[in-house]
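To start, the structure under review is shown below, and the notes come after it.
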Amino acid sequence: MISILYVDDEESLLEVGKLFLERSGQFSVDVIASATEALDLLATREYDAIISDYQMPVMDGIEFLKKVRSSGKTIPFILFSGRGREEIVIQALNEGADFYLQKGGEPLAQFTELSFKVRHAVQKRWAESRLREHERREADIINFLPDPTFAIDKAGTVITWNRAMEEITGIRPAEILGKDRYEHAMAFYHERRPMLADLILSPDARYEEEHYLYTIHGNRVLTAETTFQKPDGTPVHIWGKASLLLDGNGLVAGAIESIRDITEQKKAEKELRAAYDELSAAEQEQRSQFQELARSAQLIQENEENFRQLVETAPDPIYIIAGDRFAYVNPAMVRLMGAASAQELLHTSLFDRIHPSCHGDIHGRARTVIEERRPAGLKETVYIRMDGTPIDIESSIAPFRYHGEPAGLVILRDITRRKRAEQQLKESEEKYRDLVETADNIILKWDKTGTITFANGYAAQFFGYSRDEIVGKPVMGTIVPPTESGSEKDLQQMIADIIRHPERYTTNENENITRDGRRVWIQWHNRPLFDGNGEFAGLFSIGADVTEKRKEKQELFENEQCLTSIYNTVADAIFQLAVEPGGQYRFTSVNRAFSLITGIPPGRVIGKTVEEVIPPESLSFVREKYHKAIETRALVRWEETSMYPSGMLTGEISIAPIFDKDGTCTHLVGSAHDITDRKKSEQALRETEAEYRSIFAAESDGIAVVDQATGTILDCNEALALMHGYGREELLGQPITALSAESDATKLAINQATPSIRDRYHKRKDGSVFPVEITVNATTLKGREVLIGALRDVTGIRRAEEELRQANRSLALLTNVTRHDINNQLVALNGFLELLHEKVKDPSLEMYFAWLSQVSTRIASMIQFASTYETVRKPDLVWQDLHTLVQTAVRQVSLGKIAVKNEIPTGVEIFSDPMLLKVIYNLVENAVRYGGSTLSILRFYLVDRDGHNIIVCEDDGAGVPYENKERIFDRGFGKNTGLGLFLAREILSLTGITIRETGEPGKGARFEIAVPKGSFRFDGKP
């Protein structure tokens, strides 16, 4: 039986509510008349749910809800009130209410719905509690995994982030959980990009090929390798495995990914393959082990049974230690220890299998795990097989509970071969270095990821690094810049192409960079390197510095291009004339600007005489200037206006003579600066200033021109002077603050150039104060930053507005109190009427019961309409998040098996009446009520139609007949109250938003809400 605490200040409602709820035998209801008394009662006993009225004396329902939630109680809370304003609904849900139910309507249906919501809320809370316990156990298992592991849901939101992930990334779960838009990738790649978990949900073969190596697709499993750089530039090579997560119905709910840092392993493999071919067998075995590990990692599943199956089949040895005894060993552990069976190890001492030199360390790690309940990281240890043979082991241990007792879960990895390979690599490396250490050339080796794996002493010194510093760094950014100087050639693309097609780059020449930023050119001779399987593994490169050679060639080329570039890029027209015998002048060259300005193509100028190019009316004047320049042997300037194909042009012309060694003028070089637009602008400015003066003087509003830097009035019209009781001449030169009754606010507005001020108080010469509206425009006037302000006396407007507000406030208070009291009594009346109907079974009275019920319903509908319509008619427009509004409205409707898809992106906001939530609620409620038996899905999404934003709400139900598509928005139309869609259109019309129904009958309803420009924004931007 579900225990309920019902709180309401109306005793009659408490009585009828208790009777209705306890009739089914499923509920036990305690009633109490005030929220303060309810809080005292909650401190002494527990309830399964709370039902509370909203409007109560001393403490209303919202405050009561806050008190309950602040005490730490998560008990289901249903607000059952006669107040139906949307802001109350939103506030209640935001404060933690499970449901909001408005009083009124048919009592049996209403209390049946109330009973359903109570059962639903209680069962949901019980289910959430069981789910949290299940999720906690799963989280513990994932946290104990030694490999970094995270999980995302289908939307890409991070839902799990284990301790190993926190250790490797430095990001705590609290900082990442709930984040989406590839936030999890930022921890590794420092950019938003898909990881394996994203790719298994949304496959992208091309992306996998470009960003991952050794990709393997299994049954709901994806494994691959990739590389990235840490913030300090250190390259990291990782192996990752992703698997689909399924919900209880077997449908995909998300994906989980485990990551293992295999940088050192890959480095050892690559160096070993490149140094000596004879180690290929060992490398092949390492690869086989790696692939076996990748296949076994596919066995990670959602529950404990699958986890045990993973342990049983894992290639890595795993055991559970309780105290210092083996409590469980998997088959791999039996094989590693050389035991005949698991029984030979179980219940024996762990220290029998640990080398004595490692006993002390084992004690410390066991204490960390068992007593402190913290995992211990990877550690190398020497174990003893059953035959006494020592083996090198890498182990990790995490806290675990085995049969309810504290224990440790230990995962081992045999690193004997790796140790042997590391030793062989160390010995071979010494021999290899002797071969190249004395070379005078740059010698490098780099792998197929672009990472430098070897550099001789000369190479390290040449690039400005020590050998330890350069090895392990990527060639890109270390010795190769992103782009080539001058040509901007993409060198990163070149390096990628060398790796893909090494046979094409046996020799190449490119720009490199030293540690101090110096650019150098190297001629490279490259030889591809292959591993034991004949696969490309990297390159062996020998380089020679050719910087000086290239510099000499480049300087010669740049000198040739310099003059041509300057000549053709200046904005002024430049031309050259040959001075010929007989006083003739012939064009030998013109730049690009000459043709653009005059409209004459170069082919019609070069080789022509001045008589063939210069307009006849200007020719004699121009020839005179040419002659003067030659005679004075000096630069000559003049201003000229002439008609050219491009139009009438005015230019500032300069001409200079060029003389040979004998003193003979051989050429003239000239330039022309086009000032045509400047001349037109000067004339237009003179005309505009005259027009401005006439408007300025005739304007009825006061206008002032104020120096923004000093706040001084530079100019004003007569209207401004009369408004303030001054003569115009008295105001010129005075600070604008002399007219303001709020001088500090005026100074701030001048400094910020505030464009519009609705309310500001000014003062007249006689000291009287009056309100004004101000519009300001910032501009530049005669080289000075000024503000031009228009002032309007709004004394009469403000007085009328205040009187209207006072009248509306009084009327709203009266109608609100009256509606609330009537509605409460109506609920009680309906409740007792329903009980009376059940007790009096007289057929002759059925007509009167039906009549009374209809009258009550009509009264409730009238009250609800009056309340809603009053709110619609006094909007307070705000920006509202559309995605959140849809989610909130959907929670208020009982959907049954109907699925709702909210495809509206987060961050989309609409500037509208707060009752926009009511509109969306009505659309959802209408779909559920009238969609019919075929209704299974309801979608909300956005459409961009010719630059207009359309909100679409569509379903797959019965649809709306063609003849009713407009009538459904009429008041009174429909099977219920007939107010829902009527009010929806009224609410939307207040902000210019329109709604229409465009669905196809029989295939579903489709409502399109068109939002005007200016009322829609995304992430704060229009």
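Within each chain, counting starts at residue 1; across the structure tokens, chains are named A, B, ... in the order shown, with ligands numbered 1 upward in that order.
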
>> Could you pull out the alpha helix (DSSP H) residues of region 220-452 of chain A, going by DSSP on the backbone, and write them as a ChimeraX atom specification?
In response: /A:263-275,280-296,304-313,331-337,359-370,416-436

> Can you list, as an NGL selection string, every protein, DNA or RNA residue that comes within 10 Å of Leu988 (chain A) when you count only C-alpha atoms, leaving out same-chain residues fewer than 6 positions away?
Replying inline: :A and (872 or 912-913 or 915-916 or 919 or 994-995 or 1009-1011)

>> Among region 156-398 of chain A, which ones does DSSP assign to strand (DSSP E) (computed from the backbone)? Answer as a PyMOL selection string.
In response: chain A and resi 158-161+213-217+221-229+235-246+252-261+318-322+325-329+376-384+390-398

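With only C-alpha atoms as the atoms that count, the residue of A:Met56, A:Met643, A:Ala573, A:Val236 with the shortest distance to Ile614 (chain A) is A:Met643.
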
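Within the 9 Å cut-off around Ile495 (chain A), using only C-alpha atoms and omitting residues fewer than 3 positions from it on the same chain, the listed residues are Gly450, Val475, Met476, Val480, Leu491, Gln492, Ile498, Ile499 and Arg500 of chain A.
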
Prev. selection, all heavy atoms, output as a CSV table (one decimal), in the first residue's frame:
```
chain,number,residue,atom,x,y,z
A,450,GLY,N,55.4,9.4,-38.8
A,450,GLY,CA,56.1,10.7,-38.9
A,450,GLY,C,56.9,11.0,-37.7
A,450,GLY,O,57.3,12.2,-37.5
A,475,VAL,N,58.4,14.7,-37.0
A,475,VAL,CA,59.1,15.6,-38.0
A,475,VAL,C,58.4,16.9,-38.2
A,475,VAL,O,59.0,17.9,-38.3
A,475,VAL,CB,59.4,14.8,-39.3
A,475,VAL,CG1,60.3,13.6,-39.1
A,475,VAL,CG2,58.1,14.4,-39.9
A,476,MET,N,57.0,16.8,-38.2
A,476,MET,CA,56.3,18.0,-38.4
A,476,MET,C,56.3,18.8,-37.1
A,476,MET,O,56.1,18.3,-36.0
A,476,MET,CB,54.8,17.7,-38.7
A,476,MET,CG,54.5,17.2,-40.1
A,476,MET,SD,55.1,18.4,-41.4
A,476,MET,CE,54.3,19.9,-40.9
A,480,VAL,N,60.3,20.1,-39.6
A,480,VAL,CA,59.6,20.5,-40.8
A,480,VAL,C,58.5,21.5,-40.4
A,480,VAL,O,57.7,21.2,-39.6
A,480,VAL,CB,59.0,19.3,-41.5
A,480,VAL,CG1,58.2,19.8,-42.8
A,480,VAL,CG2,60.1,18.3,-41.9
A,491,LEU,N,53.5,21.5,-46.2
A,491,LEU,CA,54.5,20.5,-46.0
A,491,LEU,C,54.0,19.3,-45.2
A,491,LEU,O,54.5,18.2,-45.3
A,491,LEU,CB,55.7,21.1,-45.2
A,491,LEU,CG,56.5,22.2,-46.1
A,491,LEU,CD1,57.6,22.8,-45.3
A,491,LEU,CD2,57.0,21.6,-47.4
A,492,GLN,N,52.9,19.6,-44.4
A,492,GLN,CA,52.3,18.5,-43.7
A,492,GLN,C,51.7,17.5,-44.7
A,492,GLN,O,51.8,16.3,-44.5
A,492,GLN,CB,51.2,19.0,-42.7
A,492,GLN,CG,50.6,17.9,-41.9
A,492,GLN,CD,49.9,18.5,-40.7
A,492,GLN,OE1,49.8,19.7,-40.5
A,492,GLN,NE2,49.3,17.6,-39.9
A,498,ILE,N,54.7,11.4,-48.6
A,498,ILE,CA,55.9,10.6,-48.5
A,498,ILE,C,55.7,9.2,-47.9
A,498,ILE,O,56.2,8.2,-48.3
A,498,ILE,CB,57.1,11.4,-47.8
A,498,ILE,CG1,57.5,12.6,-48.7
A,498,ILE,CG2,58.3,10.5,-47.5
A,498,ILE,CD1,58.5,13.5,-48.0
A,499,ILE,N,54.9,9.3,-46.8
A,499,ILE,CA,54.6,8.1,-46.0
A,499,ILE,C,53.7,7.1,-46.9
A,499,ILE,O,53.9,5.9,-46.9
A,499,ILE,CB,53.9,8.4,-44.7
A,499,ILE,CG1,54.9,9.1,-43.8
A,499,ILE,CG2,53.4,7.2,-44.0
A,499,ILE,CD1,54.3,9.7,-42.5
A,500,ARG,N,52.8,7.7,-47.6
A,500,ARG,CA,51.9,6.9,-48.4
A,500,ARG,C,52.6,6.3,-49.7
A,500,ARG,O,52.4,5.2,-50.1
A,500,ARG,CB,50.7,7.7,-48.9
A,500,ARG,CG,49.6,7.9,-47.8
A,500,ARG,CD,48.3,8.3,-48.4
A,500,ARG,NE,48.4,9.6,-49.0
A,500,ARG,CZ,48.2,10.8,-48.5
A,500,ARG,NH1,47.9,10.8,-47.2
A,500,ARG,NH2,48.4,11.9,-49.1
```

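Across A:Lys18, A:Arg467, A:His359, A:Arg519, the tightest approach to Ser485 (chain A) is made by A:Arg519 when counting only C-alpha atoms.
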
Nearby residues (only C-alpha atoms) at most 9 Å from Lys117 (chain A), same-chain spacing under 6 positions excluded, as a PDB file with N, CA, C and O atoms, in the first residue's frame:
```
ATOM      1  N   ILE A  78       3.571  15.838  -5.953  1.00  0.00           N
ATOM      2  CA  ILE A  78       2.614  16.220  -6.996  1.00  0.00           C
ATOM      3  C   ILE A  78       1.936  17.502  -6.537  1.00  0.00           C
ATOM      4  O   ILE A  78       1.358  17.562  -5.450  1.00  0.00           O
ATOM      5  N   ASP A  98       7.347  16.275  -9.310  1.00  0.00           N
ATOM      6  CA  ASP A  98       7.270  15.180 -10.279  1.00  0.00           C
ATOM      7  C   ASP A  98       6.144  15.415 -11.282  1.00  0.00           C
ATOM      8  O   ASP A  98       6.315  15.131 -12.464  1.00  0.00           O
ATOM      9  N   PHE A  99       5.009  15.941 -10.818  1.00  0.00           N
ATOM     10  CA  PHE A  99       3.906  16.232 -11.725  1.00  0.00           C
ATOM     11  C   PHE A  99       3.191  17.487 -11.248  1.00  0.00           C
ATOM     12  O   PHE A  99       3.268  17.867 -10.062  1.00  0.00           O
ATOM     13  N   LEU A 101      -0.788  18.966 -11.564  1.00  0.00           N
ATOM     14  CA  LEU A 101      -2.151  18.645 -11.993  1.00  0.00           C
ATOM     15  C   LEU A 101      -3.063  19.784 -11.550  1.00  0.00           C
ATOM     16  O   LEU A 101      -3.042  20.191 -10.378  1.00  0.00           O
ATOM     17  N   SER A 894       0.388  12.541 -20.190  1.00  0.00           N
ATOM     18  CA  SER A 894       0.495  11.087 -20.094  1.00  0.00           C
ATOM     19  C   SER A 894       0.520  10.514 -21.515  1.00  0.00           C
ATOM     20  O   SER A 894      -0.481  10.526 -22.223  1.00  0.00           O
TER      21      SER A 894
END
```
